[in-house]
Structure formats: structure tokens, C-alpha cells
Amino acid sequence: MRKGAFKTSKKLLINSAKTSGLSFKFIDALYLFWIGNTLFYKGIPVKQFPKLILSRTKREKLRRLVDIRPDIIAINSNCCYELSRSKLRAHIELEEHGIRQPKFIARTWQHGDSYESVKEQLGDKFIMKNVYGYQGKQVFLVSNEKEFCKALRKCKRKETMYQEFIEYSSGRDVRSIVIGDKVVATFMRESFNGDFRANLSQGGKATPFQLTSEQEWPALQICKILKGEFLSVDFLLTQDGELVFCEINLHTQYSLTKRLLDIDVGDILMEYIKDRLGRGQ
């Protein structure tokens, strides 16, 4: 997310929390650290713990708190964070549950894969991505050996995933924001600069998109399978009208949904949090 958009989204979320009537505190997980079994924040031992943590970070110090304090509600769960941290793990988990997605294979650079060996399984064009990349970075469209080697170098020879290229969806995808058991906002991202990636951080633009009830079902199932309560789910489009799972994202563009769809995701999220905590607490 761009720096300006992040600041605006943060402000909108804090405003939603203020008007919700919930007692909350915004903290920076960078300042959390453990000494033995004692958690510190900005050098001061933490003595009062929250009933619920709403977190955007995968930082181990915060995730450890969620592990050792099962009485604290975490949105999202540690299991969901682990599955979302690696694009590959999420794909494998969803494949086992029959969720439609592009064909994929995974390797580490030591296997010595070549363009030809991957081409045999995925076709002349395919996607190569760093399993731990984000914002469309280290995601490449490969159509020959030269591009393959270049992409492999840019992936820094870390764990790499190869994925079928869905030509029909080139430069387009659909993002649905799910809270609990509801799809609360959906929009299409489109590239207008010829890039096969639709990420807004790569120059893509967003437009409203209406899901059918049949198209909503996979988004809800994906969140359930990955044990998530508040996720953005990205889909690729197909010629038959179905949506094919691409990846999940822990970050939500509150400012975009407010401006584009006039939907305040932060307000909806706070109502959901109230339900999770129990009214009146």
C-alpha cells in the first residue's frame, strides 16, 4: 500500500474505533519485545492485556502473545497469518479443499529448474513469483528462457512458485473484502499501462464490481478454510464467468473502499468486533 494511502486508511480505522464506543489503543508492534515471559512495550512491562487484538503485522513478538494467551481474541488467527505469509502454503491448503485456482508448482532454486521443464507443465507463458513477495513485487510473466533466468535472479533464488497464466485475466483481477461470514466490499483492479499485474501499487486503477451469490461463495469458503475473519481475497477472471483464486491479503484499503464504493469497512469491522466481544463489554 502506498505511504499516503496507508496514513489515510490508518486515520479512517482509528476514527471508526473512536465512534464505535470501544475502548482501544493503537500500538506500533516495532516497540514490542520479550524478556523471558514478560512482554514489554517501549521499555515498560505490559500488565494489562486487551480482550481482542486487531493486527496487520506478522511480527513474531505479537504472534507469540496470541499463542500464549488463548483468552485473547486475535483477528486474524496465528494459523491464518502462517498460511497467508506463504502464497504457496495457502494454495496447497485450498487445493486440498477443492477451491478452483490456477495450476501451480513450487520449487527452490537448488532444483535447477529451466524454462523448458516448467513450460511442459504450465504452457508457453507462466507466472513466476517469490512465495513471500507483496504488492506485486517479484511477480513475473515468463515466456522464454531469458525471461526465466532474469526472473529467477530477481526472485533472489528464494522459494519460488510457478503458476498457470490466465490470459483472459491479464491486467485484471477482483478483490473481495470479507469480514466474518460476509463479503462487505468488492472492486476490480485493472492495469492501463500494459502490465499483466493489476496491483494498485503497480499503477492499476480500481472500479466497482458486483459479485453474484455464486461468486461470493468461494470468497467465504476461502476465509473459512484459512481460518481468517478479516481478509482481502484476490481472484482472477475466466471466460466462463467463474472467479479463480489468486491470493489472500491481510491489508485492507479503507480509504479506497470509502472513496470508490462509499463503504466504510472500518465501521463494519467495529460492529463485527462488538459481536465477537459480546455486546456491552
# chains A, B, ... in the order shown; residues from 1 in each chain; ligands from 1
>>> select_by_dssp(residues="range 188-228 of chain A", states="strand (DSSP E or B)", output="MDAnalysis selection string")
chainID A and resid 188:190 205:208
>>> residues_around(residues="Leu261 in chain A", least_positions_apart="4", cutoff="12 Å", atoms="only C-alpha atoms", output="mmCIF file with N, CA and C atoms, in the first residue's frame")
data_model
loop_
_atom_site.group_PDB
_atom_site.id
_atom_site.type_symbol
_atom_site.label_atom_id
_atom_site.label_comp_id
_atom_site.auth_asym_id
_atom_site.auth_seq_id
_atom_site.Cartn_x
_atom_site.Cartn_y
_atom_site.Cartn_z
ATOM 1 N N VAL A 184 -18.141 -7.790 2.298
ATOM 2 C CA VAL A 184 -18.627 -6.438 2.575
ATOM 3 C C VAL A 184 -18.276 -5.437 1.486
ATOM 4 N N ALA A 185 -17.305 -5.754 0.625
ATOM 5 C CA ALA A 185 -16.930 -4.834 -0.455
ATOM 6 C C ALA A 185 -16.157 -5.600 -1.521
ATOM 7 N N THR A 186 -16.378 -5.225 -2.768
ATOM 8 C CA THR A 186 -15.670 -5.848 -3.891
ATOM 9 C C THR A 186 -15.375 -4.805 -4.953
ATOM 10 N N PHE A 187 -14.189 -4.880 -5.533
ATOM 11 C CA PHE A 187 -13.858 -3.991 -6.645
ATOM 12 C C PHE A 187 -12.909 -4.711 -7.597
ATOM 13 N N MET A 188 -12.885 -4.226 -8.837
ATOM 14 C CA MET A 188 -11.965 -4.765 -9.830
ATOM 15 C C MET A 188 -10.747 -3.852 -9.913
ATOM 16 N N ALA A 206 -8.882 1.113 -9.738
ATOM 17 C CA ALA A 206 -9.980 0.324 -9.192
ATOM 18 C C ALA A 206 -11.326 0.831 -9.681
ATOM 19 N N THR A 207 -12.251 -0.091 -9.940
ATOM 20 C CA THR A 207 -13.625 0.241 -10.313
ATOM 21 C C THR A 207 -14.566 -0.684 -9.542
ATOM 22 N N PRO A 208 -15.797 -0.240 -9.267
ATOM 23 C CA PRO A 208 -16.743 -1.102 -8.530
ATOM 24 C C PRO A 208 -17.014 -2.399 -9.288
ATOM 25 N N PHE A 209 -17.276 -3.465 -8.548
ATOM 26 C CA PHE A 209 -17.582 -4.760 -9.135
ATOM 27 C C PHE A 209 -18.611 -5.448 -8.252
ATOM 28 N N GLN A 210 -19.638 -5.995 -8.869
ATOM 29 C CA GLN A 210 -20.721 -6.651 -8.130
ATOM 30 C C GLN A 210 -20.605 -8.155 -8.265
ATOM 31 N N GLN A 253 -7.659 -1.673 2.091
ATOM 32 C CA GLN A 253 -7.592 -0.259 1.713
ATOM 33 C C GLN A 253 -8.870 0.457 2.131
ATOM 34 N N TYR A 254 -8.936 0.853 3.406
ATOM 35 C CA TYR A 254 -10.122 1.522 3.936
ATOM 36 C C TYR A 254 -10.446 2.789 3.142
ATOM 37 N N SER A 255 -9.416 3.544 2.798
ATOM 38 C CA SER A 255 -9.635 4.811 2.088
ATOM 39 C C SER A 255 -10.197 4.571 0.692
ATOM 40 N N LEU A 256 -9.742 3.504 0.024
ATOM 41 C CA LEU A 256 -10.219 3.202 -1.325
ATOM 42 C C LEU A 256 -11.687 2.804 -1.313
ATOM 43 N N THR A 257 -12.077 1.898 -0.422
ATOM 44 C CA THR A 257 -13.472 1.455 -0.377
ATOM 45 C C THR A 257 -14.401 2.599 0.019
ATOM 46 N N VAL A 265 -15.497 0.300 5.600
ATOM 47 C CA VAL A 265 -15.135 -1.030 6.087
ATOM 48 C C VAL A 265 -14.773 -0.980 7.568
#
>>> select_by_dssp(residues="range 18-173 of chain A", states="alpha helix (DSSP H)", output="VMD selection string")
chain A and resid 18 to 20 60 to 68 78 to 85 87 to 96 115 to 122 145 to 154
>>> write_last_selection(atoms="N, CA and C atoms", output="compact mmCIF listing (two decimals), in the first residue's frame")
# COMPACT_ATOMS: atom_id res chain seq x y z
N LYS A 18 -12.99 5.10 17.36
CA LYS A 18 -13.41 6.15 18.30
C LYS A 18 -14.93 6.26 18.37
N THR A 19 -15.58 6.18 17.23
CA THR A 19 -17.04 6.35 17.20
C THR A 19 -17.79 5.06 17.57
N SER A 20 -17.07 3.95 17.67
CA SER A 20 -17.72 2.68 17.96
C SER A 20 -18.10 2.53 19.43
N GLU A 60 6.73 -11.64 14.93
CA GLU A 60 6.75 -12.81 15.82
C GLU A 60 6.45 -12.43 17.27
N LYS A 61 6.88 -11.24 17.69
CA LYS A 61 6.69 -10.84 19.09
C LYS A 61 5.21 -10.71 19.44
N LEU A 62 4.42 -10.22 18.50
CA LEU A 62 2.98 -10.12 18.74
C LEU A 62 2.31 -11.48 18.57
N ARG A 63 2.73 -12.25 17.61
CA ARG A 63 2.16 -13.56 17.38
C ARG A 63 2.40 -14.49 18.58
N ARG A 64 3.53 -14.29 19.26
CA ARG A 64 3.82 -15.10 20.44
C ARG A 64 2.79 -14.82 21.54
N LEU A 65 2.41 -13.55 21.69
CA LEU A 65 1.40 -13.21 22.70
C LEU A 65 0.09 -13.93 22.41
N VAL A 66 -0.28 -13.98 21.14
CA VAL A 66 -1.51 -14.67 20.75
C VAL A 66 -1.41 -16.16 21.07
N ASP A 67 -0.22 -16.71 20.91
CA ASP A 67 -0.02 -18.14 21.20
C ASP A 67 -0.17 -18.46 22.68
N ILE A 68 0.43 -17.63 23.53
CA ILE A 68 0.45 -17.97 24.95
C ILE A 68 -0.76 -17.45 25.72
N ASN A 78 -3.36 -16.87 14.41
CA ASN A 78 -1.98 -17.18 14.04
C ASN A 78 -1.93 -18.18 12.88
N CYS A 79 -2.87 -19.11 12.88
CA CYS A 79 -2.93 -20.08 11.77
C CYS A 79 -3.13 -19.37 10.44
N CYS A 80 -4.03 -18.39 10.42
CA CYS A 80 -4.28 -17.62 9.20
C CYS A 80 -3.05 -16.83 8.78
N TYR A 81 -2.35 -16.24 9.75
CA TYR A 81 -1.14 -15.49 9.43
C TYR A 81 -0.08 -16.40 8.82
N GLU A 82 0.07 -17.59 9.34
CA GLU A 82 1.06 -18.50 8.80
C GLU A 82 0.72 -18.91 7.38
N LEU A 83 -0.56 -19.16 7.12
CA LEU A 83 -0.99 -19.56 5.78
C LEU A 83 -0.88 -18.40 4.79
N SER A 84 -1.09 -17.17 5.26
CA SER A 84 -1.02 -16.03 4.37
C SER A 84 0.41 -15.57 4.12
N ARG A 85 1.29 -15.88 5.05
CA ARG A 85 2.69 -15.44 4.92
C ARG A 85 3.35 -16.07 3.69
N LYS A 87 2.50 -17.63 0.04
CA LYS A 87 1.50 -17.84 -1.01
C LYS A 87 1.33 -19.33 -1.30
N LEU A 88 2.43 -20.06 -1.25
CA LEU A 88 2.39 -21.48 -1.57
C LEU A 88 1.56 -22.27 -0.57
N ARG A 89 1.75 -22.00 0.73
CA ARG A 89 1.01 -22.75 1.75
C ARG A 89 -0.49 -22.54 1.61
N ALA A 90 -0.89 -21.31 1.29
CA ALA A 90 -2.31 -21.04 1.10
C ALA A 90 -2.85 -21.82 -0.09
N HIS A 91 -2.10 -21.85 -1.20
CA HIS A 91 -2.54 -22.59 -2.38
C HIS A 91 -2.67 -24.08 -2.10
N ILE A 92 -1.70 -24.63 -1.38
CA ILE A 92 -1.75 -26.06 -1.07
C ILE A 92 -2.96 -26.38 -0.19
N GLU A 93 -3.19 -25.56 0.82
CA GLU A 93 -4.32 -25.78 1.72
C GLU A 93 -5.65 -25.71 0.96
N LEU A 94 -5.78 -24.73 0.07
CA LEU A 94 -7.03 -24.57 -0.67
C LEU A 94 -7.20 -25.65 -1.72
N GLU A 95 -6.11 -26.13 -2.30
CA GLU A 95 -6.19 -27.21 -3.27
C GLU A 95 -6.76 -28.47 -2.61
N GLU A 96 -6.35 -28.72 -1.38
CA GLU A 96 -6.84 -29.89 -0.65
C GLU A 96 -8.34 -29.81 -0.38
N TYR A 115 13.30 -23.10 -17.98
CA TYR A 115 12.06 -22.66 -18.62
C TYR A 115 11.35 -23.84 -19.28
N GLU A 116 12.10 -24.69 -19.95
CA GLU A 116 11.51 -25.82 -20.68
C GLU A 116 10.82 -26.80 -19.73
N SER A 117 11.42 -27.04 -18.57
CA SER A 117 10.84 -28.02 -17.64
C SER A 117 9.53 -27.52 -17.06
N VAL A 118 9.45 -26.20 -16.78
CA VAL A 118 8.21 -25.64 -16.25
C VAL A 118 7.18 -25.50 -17.37
N LYS A 119 7.63 -25.14 -18.55
CA LYS A 119 6.75 -24.98 -19.72
C LYS A 119 5.99 -26.27 -20.02
N GLU A 120 6.61 -27.41 -19.83
CA GLU A 120 5.96 -28.68 -20.10
C GLU A 120 4.71 -28.88 -19.25
N GLN A 121 4.69 -28.27 -18.06
CA GLN A 121 3.57 -28.45 -17.15
C GLN A 121 2.57 -27.30 -17.20
N LEU A 122 3.05 -26.09 -17.49
CA LEU A 122 2.17 -24.91 -17.38
C LEU A 122 1.93 -24.17 -18.69
N GLU A 145 13.37 -18.65 -22.07
CA GLU A 145 14.45 -18.99 -21.13
C GLU A 145 15.13 -17.74 -20.57
N LYS A 146 15.31 -16.72 -21.40
CA LYS A 146 15.97 -15.48 -20.95
C LYS A 146 15.15 -14.81 -19.86
N GLU A 147 13.84 -14.70 -20.07
CA GLU A 147 12.97 -14.09 -19.06
C GLU A 147 12.94 -14.93 -17.79
N PHE A 148 13.01 -16.25 -17.96
CA PHE A 148 13.01 -17.15 -16.82
C PHE A 148 14.23 -16.90 -15.94
N CYS A 149 15.40 -16.83 -16.54
CA CYS A 149 16.63 -16.62 -15.78
C CYS A 149 16.65 -15.26 -15.11
N LYS A 150 16.14 -14.25 -15.82
CA LYS A 150 16.09 -12.90 -15.26
C LYS A 150 15.16 -12.85 -14.05
N ALA A 151 14.00 -13.48 -14.19
CA ALA A 151 13.03 -13.50 -13.08
C ALA A 151 13.58 -14.26 -11.89
N LEU A 152 14.29 -15.36 -12.16
CA LEU A 152 14.87 -16.15 -11.07
C LEU A 152 15.88 -15.33 -10.28
N ARG A 153 16.68 -14.53 -10.99
CA ARG A 153 17.64 -13.67 -10.29
C ARG A 153 16.92 -12.63 -9.44
N LYS A 154 15.85 -12.04 -9.99
CA LYS A 154 15.12 -11.01 -9.25
C LYS A 154 14.35 -11.58 -8.07
>>> closest_residue(among="A:Lys129, A:Asp181, A:Gln135, A:Glu190", to="Ile222 in chain A", atoms="only C-alpha atoms")
A:Asp181
>>> atom_distance(atom1="CA of Val142 in chain A", atom2="CA of His251 in chain A")
27.5 Å
>>> closest_residue(among="A:Leu269, A:Phe165, A:Lys205, A:Arg175", to="Thr238 in chain A", atoms="only C-alpha atoms")
A:Phe165
>>> residues_around(residues="Ser191 in chain A", least_positions_apart="6", cutoff="7 Å", atoms="only C-alpha atoms", output="ChimeraX atom specification")
/A:171-172,197-198,203-205
>>> atom_distance(atom1="CA of Lys227 in chain A", atom2="CA of Lys58 in chain A")
15.3 Å
>>> closest_residue(among="A:Ile248, A:Val131, A:Ile105, A:Leu277", to="Ser176 in chain A", atoms="only C-alpha atoms")
A:Ile248
>>> closest_residue(among="A:Tyr41, A:Phe235, A:Tyr272, A:Phe26", to="Gly180 in chain A", atoms="only C-alpha atoms")
A:Tyr272
>>> atom_distance(atom1="CA of Ile179 in chain A", atom2="CA of Leu220 in chain A")
9.0 Å
>>> decode(residues="range 42-77 of chain A", atoms="N, CA and C atoms", output="PDB file, in the first residue's frame")
ATOM      1  N   LYS A  42       7.722  -0.350  24.491  1.00  0.00           N
ATOM      2  CA  LYS A  42       8.509   0.878  24.668  1.00  0.00           C
ATOM      3  C   LYS A  42       9.238   0.877  26.008  1.00  0.00           C
ATOM      4  N   GLY A  43       9.752  -0.296  26.372  1.00  0.00           N
ATOM      5  CA  GLY A  43      10.567  -0.430  27.567  1.00  0.00           C
ATOM      6  C   GLY A  43       9.805  -0.607  28.864  1.00  0.00           C
ATOM      7  N   ILE A  44       8.466  -0.626  28.802  1.00  0.00           N
ATOM      8  CA  ILE A  44       7.646  -0.755  30.009  1.00  0.00           C
ATOM      9  C   ILE A  44       6.927  -2.101  29.986  1.00  0.00           C
ATOM     10  N   PRO A  45       6.983  -2.859  31.089  1.00  0.00           N
ATOM     11  CA  PRO A  45       6.282  -4.156  31.107  1.00  0.00           C
ATOM     12  C   PRO A  45       4.780  -3.990  30.880  1.00  0.00           C
ATOM     13  N   VAL A  46       4.216  -4.854  30.060  1.00  0.00           N
ATOM     14  CA  VAL A  46       2.774  -4.824  29.788  1.00  0.00           C
ATOM     15  C   VAL A  46       2.062  -5.590  30.896  1.00  0.00           C
ATOM     16  N   LYS A  47       1.193  -4.898  31.613  1.00  0.00           N
ATOM     17  CA  LYS A  47       0.481  -5.522  32.727  1.00  0.00           C
ATOM     18  C   LYS A  47      -0.999  -5.728  32.424  1.00  0.00           C
ATOM     19  N   GLN A  48      -1.546  -4.889  31.562  1.00  0.00           N
ATOM     20  CA  GLN A  48      -2.965  -5.009  31.211  1.00  0.00           C
ATOM     21  C   GLN A  48      -3.081  -5.422  29.746  1.00  0.00           C
ATOM     22  N   PHE A  49      -3.690  -6.572  29.527  1.00  0.00           N
ATOM     23  CA  PHE A  49      -3.789  -7.099  28.168  1.00  0.00           C
ATOM     24  C   PHE A  49      -5.193  -6.871  27.610  1.00  0.00           C
ATOM     25  N   PRO A  50      -5.303  -6.732  26.307  1.00  0.00           N
ATOM     26  CA  PRO A  50      -6.608  -6.482  25.692  1.00  0.00           C
ATOM     27  C   PRO A  50      -7.450  -7.754  25.600  1.00  0.00           C
ATOM     28  N   LYS A  51      -8.732  -7.584  25.373  1.00  0.00           N
ATOM     29  CA  LYS A  51      -9.609  -8.728  25.127  1.00  0.00           C
ATOM     30  C   LYS A  51      -9.507  -9.174  23.675  1.00  0.00           C
ATOM     31  N   LEU A  52      -9.104  -8.244  22.809  1.00  0.00           N
ATOM     32  CA  LEU A  52      -9.040  -8.553  21.380  1.00  0.00           C
ATOM     33  C   LEU A  52      -7.885  -7.793  20.751  1.00  0.00           C
ATOM     34  N   ILE A  53      -7.193  -8.438  19.829  1.00  0.00           N
ATOM     35  CA  ILE A  53      -6.117  -7.796  19.061  1.00  0.00           C
ATOM     36  C   ILE A  53      -6.510  -7.792  17.589  1.00  0.00           C
ATOM     37  N   LEU A  54      -6.532  -6.620  16.998  1.00  0.00           N
ATOM     38  CA  LEU A  54      -6.722  -6.464  15.562  1.00  0.00           C
ATOM     39  C   LEU A  54      -5.375  -6.045  15.000  1.00  0.00           C
ATOM     40  N   SER A  55      -4.777  -6.926  14.225  1.00  0.00           N
ATOM     41  CA  SER A  55      -3.392  -6.694  13.828  1.00  0.00           C
ATOM     42  C   SER A  55      -3.193  -6.806  12.320  1.00  0.00           C
ATOM     43  N   ARG A  56      -2.312  -5.955  11.796  1.00  0.00           N
ATOM     44  CA  ARG A  56      -1.903  -6.030  10.396  1.00  0.00           C
ATOM     45  C   ARG A  56      -0.522  -6.665  10.263  1.00  0.00           C
ATOM     46  N   THR A  57       0.130  -6.943  11.400  1.00  0.00           N
ATOM     47  CA  THR A  57       1.521  -7.363  11.345  1.00  0.00           C
ATOM     48  C   THR A  57       1.698  -8.859  11.547  1.00  0.00           C
ATOM     49  N   LYS A  58       2.760  -9.379  10.961  1.00  0.00           N
ATOM     50  CA  LYS A  58       3.125 -10.782  11.152  1.00  0.00           C
ATOM     51  C   LYS A  58       4.275 -10.907  12.150  1.00  0.00           C
ATOM     52  N   ARG A  59       4.600  -9.830  12.835  1.00  0.00           N
ATOM     53  CA  ARG A  59       5.760  -9.831  13.722  1.00  0.00           C
ATOM     54  C   ARG A  59       5.652 -10.906  14.789  1.00  0.00           C
ATOM     55  N   GLU A  60       6.730 -11.641  14.928  1.00  0.00           N
ATOM     56  CA  GLU A  60       6.750 -12.805  15.818  1.00  0.00           C
ATOM     57  C   GLU A  60       6.447 -12.428  17.267  1.00  0.00           C
ATOM     58  N   LYS A  61       6.881 -11.240  17.691  1.00  0.00           N
ATOM     59  CA  LYS A  61       6.686 -10.843  19.092  1.00  0.00           C
ATOM     60  C   LYS A  61       5.211 -10.709  19.440  1.00  0.00           C
ATOM     61  N   LEU A  62       4.418 -10.222  18.497  1.00  0.00           N
ATOM     62  CA  LEU A  62       2.983 -10.124  18.740  1.00  0.00           C
ATOM     63  C   LEU A  62       2.314 -11.480  18.571  1.00  0.00           C
ATOM     64  N   ARG A  63       2.734 -12.247  17.609  1.00  0.00           N
ATOM     65  CA  ARG A  63       2.156 -13.556  17.377  1.00  0.00           C
ATOM     66  C   ARG A  63       2.397 -14.490  18.576  1.00  0.00           C
ATOM     67  N   ARG A  64       3.532 -14.293  19.257  1.00  0.00           N
ATOM     68  CA  ARG A  64       3.822 -15.095  20.444  1.00  0.00           C
ATOM     69  C   ARG A  64       2.790 -14.818  21.543  1.00  0.00           C
ATOM     70  N   LEU A  65       2.407 -13.554  21.693  1.00  0.00           N
ATOM     71  CA  LEU A  65       1.398 -13.206  22.695  1.00  0.00           C
ATOM     72  C   LEU A  65       0.088 -13.933  22.410  1.00  0.00           C
ATOM     73  N   VAL A  66      -0.283 -13.982  21.142  1.00  0.00           N
ATOM     74  CA  VAL A  66      -1.515 -14.668  20.745  1.00  0.00           C
ATOM     75  C   VAL A  66      -1.414 -16.156  21.070  1.00  0.00           C
ATOM     76  N   ASP A  67      -0.224 -16.713  20.909  1.00  0.00           N
ATOM     77  CA  ASP A  67      -0.016 -18.137  21.198  1.00  0.00           C
ATOM     78  C   ASP A  67      -0.169 -18.461  22.682  1.00  0.00           C
ATOM     79  N   ILE A  68       0.426 -17.629  23.528  1.00  0.00           N
ATOM     80  CA  ILE A  68       0.454 -17.971  24.952  1.00  0.00           C
ATOM     81  C   ILE A  68      -0.758 -17.445  25.718  1.00  0.00           C
ATOM     82  N   ARG A  69      -1.589 -16.617  25.063  1.00  0.00           N
ATOM     83  CA  ARG A  69      -2.783 -16.108  25.718  1.00  0.00           C
ATOM     84  C   ARG A  69      -4.015 -16.448  24.881  1.00  0.00           C
ATOM     85  N   PRO A  70      -4.480 -17.699  24.956  1.00  0.00           N
ATOM     86  CA  PRO A  70      -5.639 -18.114  24.153  1.00  0.00           C
ATOM     87  C   PRO A  70      -6.927 -17.388  24.537  1.00  0.00           C
ATOM     88  N   ASP A  71      -6.919 -16.699  25.691  1.00  0.00           N
ATOM     89  CA  ASP A  71      -8.101 -15.946  26.092  1.00  0.00           C
ATOM     90  C   ASP A  71      -8.251 -14.650  25.300  1.00  0.00           C
ATOM     91  N   ILE A  72      -7.183 -14.228  24.632  1.00  0.00           N
ATOM     92  CA  ILE A  72      -7.235 -13.013  23.813  1.00  0.00           C
ATOM     93  C   ILE A  72      -7.711 -13.371  22.409  1.00  0.00           C
ATOM     94  N   ILE A  73      -8.770 -12.723  21.953  1.00  0.00           N
ATOM     95  CA  ILE A  73      -9.263 -12.935  20.592  1.00  0.00           C
ATOM     96  C   ILE A  73      -8.312 -12.242  19.622  1.00  0.00           C
ATOM     97  N   ALA A  74      -7.896 -12.951  18.590  1.00  0.00           N
ATOM     98  CA  ALA A  74      -6.987 -12.379  17.587  1.00  0.00           C
ATOM     99  C   ALA A  74      -7.657 -12.367  16.223  1.00  0.00           C
ATOM    100  N   ILE A  75      -7.685 -11.210  15.615  1.00  0.00           N
ATOM    101  CA  ILE A  75      -8.184 -11.063  14.241  1.00  0.00           C
ATOM    102  C   ILE A  75      -7.026 -10.520  13.394  1.00  0.00           C
ATOM    103  N   ASN A  76      -6.364 -11.446  12.643  1.00  0.00           N
ATOM    104  CA  ASN A  76      -6.717 -12.831  12.362  1.00  0.00           C
ATOM    105  C   ASN A  76      -5.913 -13.795  13.251  1.00  0.00           C
ATOM    106  N   SER A  77      -6.292 -15.084  13.191  1.00  0.00           N
ATOM    107  CA  SER A  77      -5.622 -16.095  13.995  1.00  0.00           C
ATOM    108  C   SER A  77      -4.181 -16.294  13.529  1.00  0.00           C
TER     109      SER A  77
END
